[in-house]
Number of protein chains: 2
Amino acid sequence: MAKWFEDAGKNSDIVLSTRIRFARNLKGIPYPKKMTAEDAKRVIALVEAALEEMNYTFTKYDMQKLSPNEKERLVEERYISPDFASSKIPSCAYISDDNNVSIMVNEEDHIRIQCIYAGLEDKKTYDLISKIDTYLSEKLDYAIHEKYGHLTSCLTNVGTGMRISFMMHLPAIVMFKASEGIFSAISKLGLTVRGMYGEGTKSAGHLFQISNQVTLGKDENEIINDITHVVEGVIAKEKELRQELLNQKGLVLEDKIMRSFGLLKNARIMQSKEMMNLLSDLRLGLSLGITQNISLKDITRLMIMASRAHISSSETSDAPFERDVERAKLIRNTL
Amino acid sequence: MAKWFEDAGKNSDIVLSTRIRFARNLKGIPYPKKMTAEDAKRVIALVEAALEEMNYTFTKYDMQKLSPNEKERLVEERYISPDFASSKIPSCAYISDDNNVSIMVNEEDHIRIQCIYAGLEDKKTYDLISKIDTYLSEKLDYAIHEKYGHLTSCLTNVGTGMRISFMMHLPAIVMFKASEGIFSAISKLGLTVRGMYGEGTKSAGHLFQISNQVTLGKDENEIINDITHVVEGVIAKEKELRQELLNQKGLVLEDKIMRSFGLLKNARIMQSKEMMNLLSDLRLGLSLGITQNISLKDITRLMIMASRAHISSSETSDAPFERDVERAKLIRNTL
């Protein structure tokens with residue numbers, strides 16, 4: 001089945017993906033930071049046994065056996081975290097065959113369940129992750145505090161252990177220099193705005209991740225409703241400013257977007273950052289009816305398929321120049 | 001018949017055109033700088049009478065009756081000089097119906113005959129202008145000094161009154177930063193290098209005019225042979241450096257050229273200077289077999305047809321922005 005970046009969902013012109021992850025730990029076993037290799041193997045064995053009995057098929061990825069490139073590809077597809085890819089203890093990822101669920105075992109917590117869908121799909125994503133979590137909670141002995149809720153390695157995750165994040169494309173907000181004000185208002189609501197690959201990463205191609213900060217004191221539905229409400233506000237603002245951009249700039253905007261298309265379609269060498277910015281223009285052009293040469297799905301797919309590890313793995317050479325050449329070729333073939 | 005910029009000739013990948021002009025004056029009439037309107041009309045009448053009897057048809061353009069735009073178009077097509085377009089005294093241009101000859105009456109001299117062909121065509125151009133000049137010399141009373149030769153308004157033209165100029169496309173010489181050395185060597189040989197539209201104009205799109213400075217002390221054939229020899233040397237050097245560019249840069253060069261093609265093919269707004277630089281890349285790409293989407297003829301034609309007055313005249317508006325939009329449209333339609 002299609003991966004999130006090969007698909008489109010509700011409001012896909014602005015929201016690339018909805019992702020929810022639950023942090024879970026097992027009673028009586030030290031957190032991954034302090035655990036021995038034996039502890040780690042025990043957690044893997046427990047989770048694997050639970051998953052095997054489940055009516056949902058997963059493929060196992062043993063982090064100790066994957067090549068750096070294979071791990072990086074999973075990071076680029078956002079099925080595992082960058083930290084997890086460099087984990088030193090025994091650790092595994094399980095990715096569902098429908099590509100909607102990934103479970104990291106022995107990341108910062110024993111278990112991190114993650115569900116991801118293209119578009120603004122808070123309900124669908126929450127329904128699926130709840131189902132997985134409920135199932136696992138019956139098979140495994142979760143570490144839960146009566147008062148605080150789920151116990152986690154990092155205090156910021158205690159409580160629901162939930163993080164929900166929306167990957168959003170906000171070119172008009174950036175172009176009207178409205179991002180600073182909007183992002184600061186968002187952070188006052190207990191939400192954070194980050195770059196594409198999570199904490200510490202920069203925004204590329206006008207892509208931002210909006211996620212909840214607070215996991216304690218509210219239940220999951222409240223958190224999801226609150227953040228979805230904010231995200232809908234951001235969508236409305238972005239739509240309004242896109243229209244204003246079109247009204248104010250018209251042909252100047254069309255010129256910029258078509259030039260980006262022309263470069264993507266003809267370049268023989270292209271670095272990732274340039275591609276992200278040009279694809280951002282194309283995505284904007286598509287939503288405004290200026291370009292018709294590509295679908296939203298194809299743009300998102302290209303963004304992932306042309307990222308570093310994906311490009312390298314499809315060809316033998318890993319030199320930056322060769323990657324930039326392969327990237328340009330892939331873009332041309334897609335457009 | 002095709003105008004020079006709608007045609008291609010020998011070495012057209014490097015030499016866009018060969019142009020020769022003869023400066024001629026009539027005995028007993030003051031030079032245009034000092035002449036009265038009556039004098040000016042008399043010269044026009046004399047030239048016109050001579051041309052009417054000739055077995056070669058011309059169309060007359062009365063400078064006092066043309067609109068500024070119509071005059072600028074003739075400048076852009078290089079049938080008249082910028083100075084002639086702003087002439088205050090009665091003055092006319094006669095352009096042959098085969099588009100190879102133009103005669104300016106009452107420019108700096110009474111008569112300036114000019115022949116122009118696409119490509120490196122020194123012989124063909126000289127043969128034609130000699131034929132016209134011989135004919136006119138039989139009908140008109142040229143001011144000729146026994147020792148010095150043709151008398152002209154400006155001392156630099158005394159003697160043969162001839163200027164031969166080659167419009168050359170020299171991107172590789174420029175990219176290898178070899179232009180300064182080559183141009184300085186050329187000027188030591190009594191030749192000058194100028195921008196596209198003659199004296200005081202800057203080079204655009206790597207186009208340069210190489211022409212003779214000396215008109216006295218050598219006969220026409222010597223001057224032409226000497227300069228053609230130099231031009232052939234420049235052609236050889238440009239060819240050598242183009243090949244070296246391809247060998248050294250390969251894909252980087254292809255990337256640059258294809259990006260230029262992508263911008264030309266997709267931009268919605270384009271200024272003249274940008275177009276000239278992008279078309280220069282395309283012309284280079286064509287000569288190296290990197291691009292095949294356009295012919296040399298079409299590039300030269302576009303260069304002229306998309307210049308300021310041509311663009312304005314084909315549409316109603318003359319605002320710079322509208323021109324840039326029309327230019328982009330013309331380029332897209334051509335490519």
# chains A, B, ... in the order shown; residues from 1 in each chain; ligands from 1
>>> calpha_fit_and_write(fixed="chain B", moving="chain A", output="JSON list (two decimals) with C-alpha atoms, in the first residue's frame")
[["chain", "number", "residue", "atom", "x", "y", "z"],
["A", 1, "MET", "CA", 13.70, 37.83, -48.49],
["A", 2, "ALA", "CA", 15.15, 36.95, -45.12],
["A", 3, "LYS", "CA", 16.80, 39.69, -43.13],
["A", 4, "TRP", "CA", 20.30, 39.02, -41.85],
["A", 5, "PHE", "CA", 18.96, 38.04, -38.42],
["A", 6, "GLU", "CA", 16.53, 35.55, -39.94],
["A", 7, "ASP", "CA", 19.29, 33.79, -41.80],
["A", 8, "ALA", "CA", 22.48, 31.81, -41.15],
["A", 9, "GLY", "CA", 25.75, 31.86, -43.07],
["A", 10, "LYS", "CA", 29.27, 30.48, -42.82],
["A", 11, "ASN", "CA", 30.45, 30.05, -39.21],
["A", 12, "SER", "CA", 27.10, 31.31, -37.96],
["A", 13, "ASP", "CA", 27.70, 29.48, -34.68],
["A", 14, "ILE", "CA", 30.26, 32.17, -33.88],
["A", 15, "VAL", "CA", 29.83, 34.95, -36.44],
["A", 16, "LEU", "CA", 26.29, 36.35, -36.44],
["A", 17, "SER", "CA", 26.85, 38.86, -39.21],
["A", 18, "THR", "CA", 29.32, 40.55, -41.54],
["A", 19, "ARG", "CA", 28.62, 44.17, -42.24],
["A", 20, "ILE", "CA", 30.45, 46.67, -44.43],
["A", 21, "ARG", "CA", 29.64, 50.33, -44.75],
["A", 22, "PHE", "CA", 31.06, 52.93, -47.07],
["A", 23, "ALA", "CA", 31.00, 56.64, -46.16],
["A", 24, "ARG", "CA", 30.50, 58.84, -49.21],
["A", 25, "ASN", "CA", 29.99, 62.54, -49.72],
["A", 26, "LEU", "CA", 28.98, 64.74, -52.62],
["A", 27, "LYS", "CA", 31.19, 67.46, -53.96],
["A", 28, "GLY", "CA", 30.26, 71.09, -53.21],
["A", 29, "ILE", "CA", 27.65, 70.40, -50.55],
["A", 30, "PRO", "CA", 28.44, 70.97, -46.85],
["A", 31, "TYR", "CA", 28.67, 67.91, -44.59],
["A", 32, "PRO", "CA", 25.41, 67.09, -42.77],
["A", 33, "LYS", "CA", 26.65, 68.72, -39.55],
["A", 34, "LYS", "CA", 26.83, 72.08, -41.31],
["A", 35, "MET", "CA", 24.21, 71.69, -44.04],
["A", 36, "THR", "CA", 20.91, 73.56, -44.33],
["A", 37, "ALA", "CA", 17.59, 71.79, -44.75],
["A", 38, "GLU", "CA", 17.75, 72.77, -48.41],
["A", 39, "ASP", "CA", 21.16, 71.11, -48.81],
["A", 40, "ALA", "CA", 19.80, 68.02, -47.11],
["A", 41, "LYS", "CA", 16.79, 67.83, -49.41],
["A", 42, "ARG", "CA", 19.07, 68.28, -52.42],
["A", 43, "VAL", "CA", 21.25, 65.32, -51.37],
["A", 44, "ILE", "CA", 18.15, 63.18, -50.84],
["A", 45, "ALA", "CA", 16.83, 64.14, -54.27],
["A", 46, "LEU", "CA", 20.13, 63.29, -55.94],
["A", 47, "VAL", "CA", 20.49, 59.91, -54.24],
["A", 48, "GLU", "CA", 16.86, 59.03, -54.82],
["A", 49, "ALA", "CA", 17.10, 59.83, -58.52],
["A", 50, "ALA", "CA", 20.20, 57.64, -58.77],
["A", 51, "LEU", "CA", 18.57, 54.76, -56.96],
["A", 52, "GLU", "CA", 15.41, 54.97, -59.05],
["A", 53, "GLU", "CA", 17.38, 54.19, -62.17],
["A", 54, "MET", "CA", 19.10, 51.25, -60.55],
["A", 55, "ASN", "CA", 18.24, 47.64, -61.23],
["A", 56, "TYR", "CA", 17.74, 46.99, -57.51],
["A", 57, "THR", "CA", 14.62, 47.93, -55.55],
["A", 58, "PHE", "CA", 14.67, 49.93, -52.35],
["A", 59, "THR", "CA", 12.02, 51.03, -49.89],
["A", 60, "LYS", "CA", 12.34, 54.59, -48.65],
["A", 61, "TYR", "CA", 12.06, 55.50, -44.96],
["A", 62, "ASP", "CA", 11.72, 59.21, -44.31],
["A", 63, "MET", "CA", 13.19, 59.83, -40.86],
["A", 64, "GLN", "CA", 11.01, 62.89, -40.37],
["A", 65, "LYS", "CA", 7.89, 60.82, -40.92],
["A", 66, "LEU", "CA", 8.70, 57.67, -38.95],
["A", 67, "SER", "CA", 7.51, 57.29, -35.37],
["A", 68, "PRO", "CA", 10.20, 56.94, -32.67],
["A", 69, "ASN", "CA", 9.26, 53.28, -32.40],
["A", 70, "GLU", "CA", 9.62, 52.63, -36.13],
["A", 71, "LYS", "CA", 13.04, 54.26, -36.09],
["A", 72, "GLU", "CA", 14.10, 52.28, -33.07],
["A", 73, "ARG", "CA", 13.09, 49.08, -34.83],
["A", 74, "LEU", "CA", 15.40, 49.94, -37.73],
["A", 75, "VAL", "CA", 18.19, 50.59, -35.21],
["A", 76, "GLU", "CA", 17.53, 47.24, -33.55],
["A", 77, "GLU", "CA", 17.70, 45.52, -36.93],
["A", 78, "ARG", "CA", 20.94, 47.44, -37.51],
["A", 79, "TYR", "CA", 19.75, 49.03, -40.78],
["A", 80, "ILE", "CA", 20.26, 52.53, -39.39],
["A", 81, "SER", "CA", 22.50, 53.95, -36.64],
["A", 82, "PRO", "CA", 21.20, 55.27, -33.31],
["A", 83, "ASP", "CA", 22.47, 58.76, -34.24],
["A", 84, "PHE", "CA", 20.61, 58.67, -37.53],
["A", 85, "ALA", "CA", 17.37, 57.87, -35.74],
["A", 86, "SER", "CA", 17.61, 61.15, -33.83],
["A", 87, "SER", "CA", 18.69, 63.24, -36.83],
["A", 88, "LYS", "CA", 17.20, 66.76, -36.91],
["A", 89, "ILE", "CA", 17.77, 67.51, -40.61],
["A", 90, "PRO", "CA", 15.86, 65.97, -43.53],
["A", 91, "SER", "CA", 17.22, 62.45, -43.85],
["A", 92, "CYS", "CA", 16.12, 59.18, -45.38],
["A", 93, "ALA", "CA", 17.06, 55.54, -45.26],
["A", 94, "TYR", "CA", 16.68, 53.28, -48.29],
["A", 95, "ILE", "CA", 16.52, 49.59, -47.55],
["A", 96, "SER", "CA", 16.77, 47.09, -50.38],
["A", 97, "ASP", "CA", 13.87, 44.72, -50.81],
["A", 98, "ASP", "CA", 16.24, 41.78, -50.42],
["A", 99, "ASN", "CA", 17.17, 43.28, -47.00],
["A", 100, "ASN", "CA", 20.91, 43.15, -47.68],
["A", 101, "VAL", "CA", 21.54, 46.84, -48.33],
["A", 102, "SER", "CA", 20.64, 49.98, -46.47],
["A", 103, "ILE", "CA", 21.61, 53.49, -47.47],
["A", 104, "MET", "CA", 21.43, 56.33, -44.97],
["A", 105, "VAL", "CA", 21.28, 59.77, -46.51],
["A", 106, "ASN", "CA", 22.45, 62.65, -44.30],
["A", 107, "GLU", "CA", 23.79, 60.70, -41.40],
["A", 108, "GLU", "CA", 27.31, 61.89, -40.41],
["A", 109, "ASP", "CA", 28.14, 61.80, -44.15],
["A", 110, "HIS", "CA", 25.86, 62.47, -47.11],
["A", 111, "ILE", "CA", 25.70, 58.82, -47.99],
["A", 112, "ARG", "CA", 26.37, 55.76, -45.93],
["A", 113, "ILE", "CA", 25.96, 52.53, -47.84],
["A", 114, "GLN", "CA", 25.78, 49.40, -45.76],
["A", 115, "CYS", "CA", 25.61, 45.74, -46.70],
["A", 116, "ILE", "CA", 24.95, 43.01, -44.18],
["A", 117, "TYR", "CA", 24.81, 39.20, -44.35],
["A", 118, "ALA", "CA", 24.44, 36.50, -41.74],
["A", 119, "GLY", "CA", 27.66, 34.60, -40.96],
["A", 120, "LEU", "CA", 31.26, 35.18, -41.99],
["A", 121, "GLU", "CA", 30.67, 36.56, -45.47],
["A", 122, "ASP", "CA", 33.39, 39.14, -46.15],
["A", 123, "LYS", "CA", 33.62, 38.41, -49.91],
["A", 124, "LYS", "CA", 29.89, 38.32, -50.56],
["A", 125, "THR", "CA", 29.33, 41.48, -48.54],
["A", 126, "TYR", "CA", 32.19, 43.33, -50.21],
["A", 127, "ASP", "CA", 31.08, 42.27, -53.69],
["A", 128, "LEU", "CA", 27.59, 43.59, -53.11],
["A", 129, "ILE", "CA", 28.60, 46.91, -51.56],
["A", 130, "SER", "CA", 31.16, 47.47, -54.33],
["A", 131, "LYS", "CA", 28.49, 46.95, -56.94],
["A", 132, "ILE", "CA", 26.19, 49.50, -55.27],
["A", 133, "ASP", "CA", 29.04, 51.93, -54.73],
["A", 134, "THR", "CA", 30.33, 51.65, -58.29],
["A", 135, "TYR", "CA", 26.86, 52.25, -59.61],
["A", 136, "LEU", "CA", 26.32, 55.32, -57.39],
["A", 137, "SER", "CA", 29.77, 56.70, -58.17],
["A", 138, "GLU", "CA", 28.73, 56.82, -61.83],
["A", 139, "LYS", "CA", 25.53, 58.70, -61.06],
["A", 140, "LEU", "CA", 26.77, 61.00, -58.31],
["A", 141, "ASP", "CA", 29.68, 63.36, -57.97],
["A", 142, "TYR", "CA", 31.58, 61.83, -55.01],
["A", 143, "ALA", "CA", 34.00, 64.04, -53.08],
["A", 144, "ILE", "CA", 37.31, 62.26, -53.66],
["A", 145, "HIS", "CA", 40.80, 63.60, -52.94],
["A", 146, "GLU", "CA", 43.42, 62.48, -55.39],
["A", 147, "LYS", "CA", 45.87, 61.49, -52.68],
["A", 148, "TYR", "CA", 43.74, 60.62, -49.65],
["A", 149, "GLY", "CA", 40.74, 59.04, -51.32],
["A", 150, "HIS", "CA", 37.17, 59.52, -50.15],
["A", 151, "LEU", "CA", 36.61, 62.65, -48.08],
["A", 152, "THR", "CA", 34.43, 62.20, -45.04],
["A", 153, "SER", "CA", 32.94, 64.32, -42.30],
["A", 154, "CYS", "CA", 35.02, 62.62, -39.63],
["A", 155, "LEU", "CA", 38.77, 62.25, -40.24],
["A", 156, "THR", "CA", 38.79, 58.66, -39.04],
["A", 157, "ASN", "CA", 36.84, 57.64, -42.13],
["A", 158, "VAL", "CA", 38.93, 59.42, -44.78],
["A", 159, "GLY", "CA", 40.46, 57.13, -47.41],
["A", 160, "THR", "CA", 38.40, 54.07, -48.17],
["A", 161, "GLY", "CA", 35.53, 55.37, -46.04],
["A", 162, "MET", "CA", 35.03, 51.73, -45.23],
["A", 163, "ARG", "CA", 34.18, 50.04, -42.01],
["A", 164, "ILE", "CA", 33.82, 46.29, -41.90],
["A", 165, "SER", "CA", 32.49, 44.70, -38.76],
["A", 166, "PHE", "CA", 31.80, 41.19, -37.62],
["A", 167, "MET", "CA", 29.30, 40.50, -34.87],
["A", 168, "MET", "CA", 30.74, 37.60, -32.91],
["A", 169, "HIS", "CA", 29.44, 35.38, -30.14],
["A", 170, "LEU", "CA", 32.34, 34.64, -27.78],
["A", 171, "PRO", "CA", 31.01, 32.98, -24.62],
["A", 172, "ALA", "CA", 33.92, 30.55, -24.14],
["A", 173, "ILE", "CA", 36.51, 33.30, -24.52],
["A", 174, "VAL", "CA", 34.64, 35.30, -21.89],
["A", 175, "MET", "CA", 34.18, 32.32, -19.53],
["A", 176, "PHE", "CA", 37.89, 31.49, -19.67],
["A", 177, "LYS", "CA", 38.58, 35.18, -18.95],
["A", 178, "ALA", "CA", 40.60, 35.33, -22.17],
["A", 179, "SER", "CA", 38.71, 38.26, -23.63],
["A", 180, "GLU", "CA", 40.87, 41.01, -22.15],
["A", 181, "GLY", "CA", 44.08, 39.62, -23.60],
["A", 182, "ILE", "CA", 42.54, 38.85, -26.98],
["A", 183, "PHE", "CA", 40.77, 42.19, -27.30],
["A", 184, "SER", "CA", 43.90, 44.11, -26.34],
["A", 185, "ALA", "CA", 45.91, 42.19, -28.97],
["A", 186, "ILE", "CA", 43.17, 42.97, -31.50],
["A", 187, "SER", "CA", 43.28, 46.68, -30.77],
["A", 188, "LYS", "CA", 47.06, 46.69, -31.28],
["A", 189, "LEU", "CA", 46.34, 45.54, -34.82],
["A", 190, "GLY", "CA", 44.32, 48.69, -35.49],
["A", 191, "LEU", "CA", 40.98, 46.98, -34.89],
["A", 192, "THR", "CA", 38.32, 47.76, -32.30],
["A", 193, "VAL", "CA", 35.98, 45.62, -30.26],
["A", 194, "ARG", "CA", 32.61, 47.05, -29.30],
["A", 195, "GLY", "CA", 29.24, 45.99, -27.93],
["A", 196, "MET", "CA", 26.34, 44.94, -30.09],
["A", 197, "TYR", "CA", 25.04, 48.33, -31.19],
["A", 198, "GLY", "CA", 28.36, 50.02, -31.99],
["A", 199, "GLU", "CA", 30.29, 52.78, -30.31],
["A", 200, "GLY", "CA", 29.64, 53.31, -26.62],
["A", 201, "THR", "CA", 27.34, 50.29, -26.27],
["A", 202, "LYS", "CA", 28.06, 47.49, -23.86],
["A", 203, "SER", "CA", 28.33, 43.85, -24.72],
["A", 204, "ALA", "CA", 25.25, 41.78, -23.94],
["A", 205, "GLY", "CA", 24.95, 38.03, -24.26],
["A", 206, "HIS", "CA", 28.68, 37.62, -25.00],
["A", 207, "LEU", "CA", 28.25, 39.42, -28.33],
["A", 208, "PHE", "CA", 31.04, 41.63, -29.63],
["A", 209, "GLN", "CA", 31.61, 43.61, -32.81],
["A", 210, "ILE", "CA", 35.11, 43.50, -34.22],
["A", 211, "SER", "CA", 35.78, 46.19, -36.81],
["A", 212, "ASN", "CA", 38.60, 48.06, -38.51],
["A", 213, "GLN", "CA", 39.75, 51.39, -37.17],
["A", 214, "VAL", "CA", 42.09, 52.38, -40.01],
["A", 215, "THR", "CA", 40.54, 53.49, -43.32],
["A", 216, "LEU", "CA", 43.56, 55.29, -44.78],
["A", 217, "GLY", "CA", 46.79, 53.90, -46.23],
["A", 218, "LYS", "CA", 45.49, 50.45, -47.09],
["A", 219, "ASP", "CA", 43.12, 49.50, -49.85],
["A", 220, "GLU", "CA", 39.77, 47.82, -49.19],
["A", 221, "ASN", "CA", 40.99, 44.32, -49.99],
["A", 222, "GLU", "CA", 43.96, 44.62, -47.67],
["A", 223, "ILE", "CA", 41.77, 45.87, -44.83],
["A", 224, "ILE", "CA", 39.27, 43.07, -45.38],
["A", 225, "ASN", "CA", 41.91, 40.37, -45.68],
["A", 226, "ASP", "CA", 43.71, 41.56, -42.56],
["A", 227, "ILE", "CA", 40.61, 41.75, -40.37],
["A", 228, "THR", "CA", 39.19, 38.48, -41.73],
["A", 229, "HIS", "CA", 42.47, 36.82, -40.84],
["A", 230, "VAL", "CA", 42.15, 38.11, -37.26],
["A", 231, "VAL", "CA", 38.48, 37.10, -37.07],
["A", 232, "GLU", "CA", 39.37, 33.58, -38.23],
["A", 233, "GLY", "CA", 41.93, 33.46, -35.45],
["A", 234, "VAL", "CA", 39.30, 34.50, -32.92],
["A", 235, "ILE", "CA", 36.89, 31.86, -34.31],
["A", 236, "ALA", "CA", 39.58, 29.19, -33.92],
["A", 237, "LYS", "CA", 40.28, 30.29, -30.36],
["A", 238, "GLU", "CA", 36.60, 30.38, -29.45],
["A", 239, "LYS", "CA", 36.10, 26.89, -30.94],
["A", 240, "GLU", "CA", 39.08, 25.53, -29.05],
["A", 241, "LEU", "CA", 37.86, 27.01, -25.76],
["A", 242, "ARG", "CA", 34.30, 25.78, -26.34],
["A", 243, "GLN", "CA", 35.66, 22.28, -26.69],
["A", 244, "GLU", "CA", 37.80, 22.75, -23.60],
["A", 245, "LEU", "CA", 34.75, 24.05, -21.72],
["A", 246, "LEU", "CA", 32.87, 20.90, -22.69],
["A", 247, "ASN", "CA", 35.78, 18.66, -21.68],
["A", 248, "GLN", "CA", 36.45, 20.43, -18.39],
["A", 249, "LYS", "CA", 32.91, 21.20, -17.28],
["A", 250, "GLY", "CA", 30.80, 18.60, -19.08],
["A", 251, "LEU", "CA", 27.70, 18.11, -17.02],
["A", 252, "VAL", "CA", 28.08, 21.45, -15.19],
["A", 253, "LEU", "CA", 27.97, 23.21, -18.55],
["A", 254, "GLU", "CA", 25.03, 21.09, -19.69],
["A", 255, "ASP", "CA", 23.25, 21.94, -16.44],
["A", 256, "LYS", "CA", 23.79, 25.68, -16.96],
["A", 257, "ILE", "CA", 22.60, 25.54, -20.57],
["A", 258, "MET", "CA", 19.55, 23.40, -19.87],
["A", 259, "ARG", "CA", 18.58, 25.63, -16.93],
["A", 260, "SER", "CA", 18.75, 28.62, -19.27],
["A", 261, "PHE", "CA", 16.53, 26.74, -21.71],
["A", 262, "GLY", "CA", 14.10, 25.94, -18.88],
["A", 263, "LEU", "CA", 13.89, 29.60, -17.85],
["A", 264, "LEU", "CA", 13.39, 30.84, -21.42],
["A", 265, "LYS", "CA", 10.73, 28.22, -22.03],
["A", 266, "ASN", "CA", 8.75, 28.93, -18.86],
["A", 267, "ALA", "CA", 9.28, 32.50, -17.65],
["A", 268, "ARG", "CA", 6.28, 34.83, -17.77],
["A", 269, "ILE", "CA", 8.29, 38.04, -17.39],
["A", 270, "MET", "CA", 11.72, 38.62, -18.89],
["A", 271, "GLN", "CA", 13.96, 41.63, -19.22],
["A", 272, "SER", "CA", 16.08, 42.07, -22.29],
["A", 273, "LYS", "CA", 19.43, 41.66, -20.55],
["A", 274, "GLU", "CA", 18.44, 38.37, -18.97],
["A", 275, "MET", "CA", 17.14, 37.11, -22.31],
["A", 276, "MET", "CA", 20.42, 37.97, -24.03],
["A", 277, "ASN", "CA", 22.40, 36.04, -21.44],
["A", 278, "LEU", "CA", 20.09, 33.01, -21.56],
["A", 279, "LEU", "CA", 20.04, 32.99, -25.36],
["A", 280, "SER", "CA", 23.83, 33.14, -25.27],
["A", 281, "ASP", "CA", 23.81, 29.89, -23.29],
["A", 282, "LEU", "CA", 21.37, 28.36, -25.75],
["A", 283, "ARG", "CA", 23.52, 29.36, -28.73],
["A", 284, "LEU", "CA", 26.56, 27.85, -27.06],
["A", 285, "GLY", "CA", 24.60, 24.71, -26.20],
["A", 286, "LEU", "CA", 23.47, 24.40, -29.80],
["A", 287, "SER", "CA", 27.01, 24.62, -31.14],
["A", 288, "LEU", "CA", 28.14, 21.95, -28.66],
["A", 289, "GLY", "CA", 25.24, 19.61, -29.41],
["A", 290, "ILE", "CA", 23.75, 20.04, -25.92],
["A", 291, "THR", "CA", 20.50, 21.67, -27.09],
["A", 292, "GLN", "CA", 18.60, 20.79, -30.23],
["A", 293, "ASN", "CA", 15.35, 22.56, -29.54],
["A", 294, "ILE", "CA", 16.02, 25.65, -31.61],
["A", 295, "SER", "CA", 18.08, 26.73, -34.62],
["A", 296, "LEU", "CA", 20.82, 29.36, -34.71],
["A", 297, "LYS", "CA", 18.61, 31.44, -36.99],
["A", 298, "ASP", "CA", 15.75, 31.36, -34.52],
["A", 299, "ILE", "CA", 17.99, 32.47, -31.67],
["A", 300, "THR", "CA", 19.29, 35.47, -33.63],
["A", 301, "ARG", "CA", 15.81, 36.29, -34.82],
["A", 302, "LEU", "CA", 14.45, 36.13, -31.27],
["A", 303, "MET", "CA", 17.23, 38.43, -30.06],
["A", 304, "ILE", "CA", 16.05, 41.12, -32.48],
["A", 305, "MET", "CA", 12.31, 40.46, -32.42],
["A", 306, "ALA", "CA", 12.26, 40.57, -28.61],
["A", 307, "SER", "CA", 14.22, 43.80, -28.34],
["A", 308, "ARG", "CA", 12.50, 46.88, -27.02],
["A", 309, "ALA", "CA", 10.92, 48.55, -30.02],
["A", 310, "HIS", "CA", 9.97, 45.31, -31.76],
["A", 311, "ILE", "CA", 8.13, 44.07, -28.72],
["A", 312, "SER", "CA", 6.37, 47.38, -28.16],
["A", 313, "SER", "CA", 5.25, 47.77, -31.74],
["A", 314, "SER", "CA", 3.57, 44.40, -31.86],
["A", 315, "GLU", "CA", 1.36, 45.32, -28.91],
["A", 316, "THR", "CA", -0.38, 48.46, -27.81],
["A", 317, "SER", "CA", 1.28, 49.08, -24.45],
["A", 318, "ASP", "CA", 4.78, 50.47, -24.09],
["A", 319, "ALA", "CA", 5.21, 50.08, -20.31],
["A", 320, "PRO", "CA", 8.41, 48.21, -19.38],
["A", 321, "PHE", "CA", 6.49, 45.55, -17.46],
["A", 322, "GLU", "CA", 4.16, 44.90, -20.42],
["A", 323, "ARG", "CA", 7.19, 44.61, -22.68],
["A", 324, "ASP", "CA", 8.79, 42.07, -20.37],
["A", 325, "VAL", "CA", 5.57, 40.05, -20.43],
["A", 326, "GLU", "CA", 5.31, 40.24, -24.23],
["A", 327, "ARG", "CA", 8.98, 39.29, -24.53],
["A", 328, "ALA", "CA", 8.50, 36.21, -22.36],
["A", 329, "LYS", "CA", 5.47, 35.22, -24.45],
["A", 330, "LEU", "CA", 7.37, 35.60, -27.72],
["A", 331, "ILE", "CA", 10.25, 33.52, -26.37],
["A", 332, "ARG", "CA", 7.92, 30.75, -25.17],
["A", 333, "ASN", "CA", 6.13, 30.68, -28.52],
["A", 334, "THR", "CA", 9.43, 30.44, -30.37],
["A", 335, "LEU", "CA", 10.92, 27.65, -28.25]]
>>> select_by_dssp(residues="range 72-161 of chain B", states="strand (DSSP E or B)", output="VMD selection string")
chain B and resid 92 to 96 101 to 105 111 to 118 142 144 to 145 149 to 150 159
>>> select_by_dssp(residues="range 39-164 of chain B", states="helix (DSSP H, G or I)", output="MDAnalysis selection string")
chainID B and resid 39:52 68:76 82:85 122:139 155:157
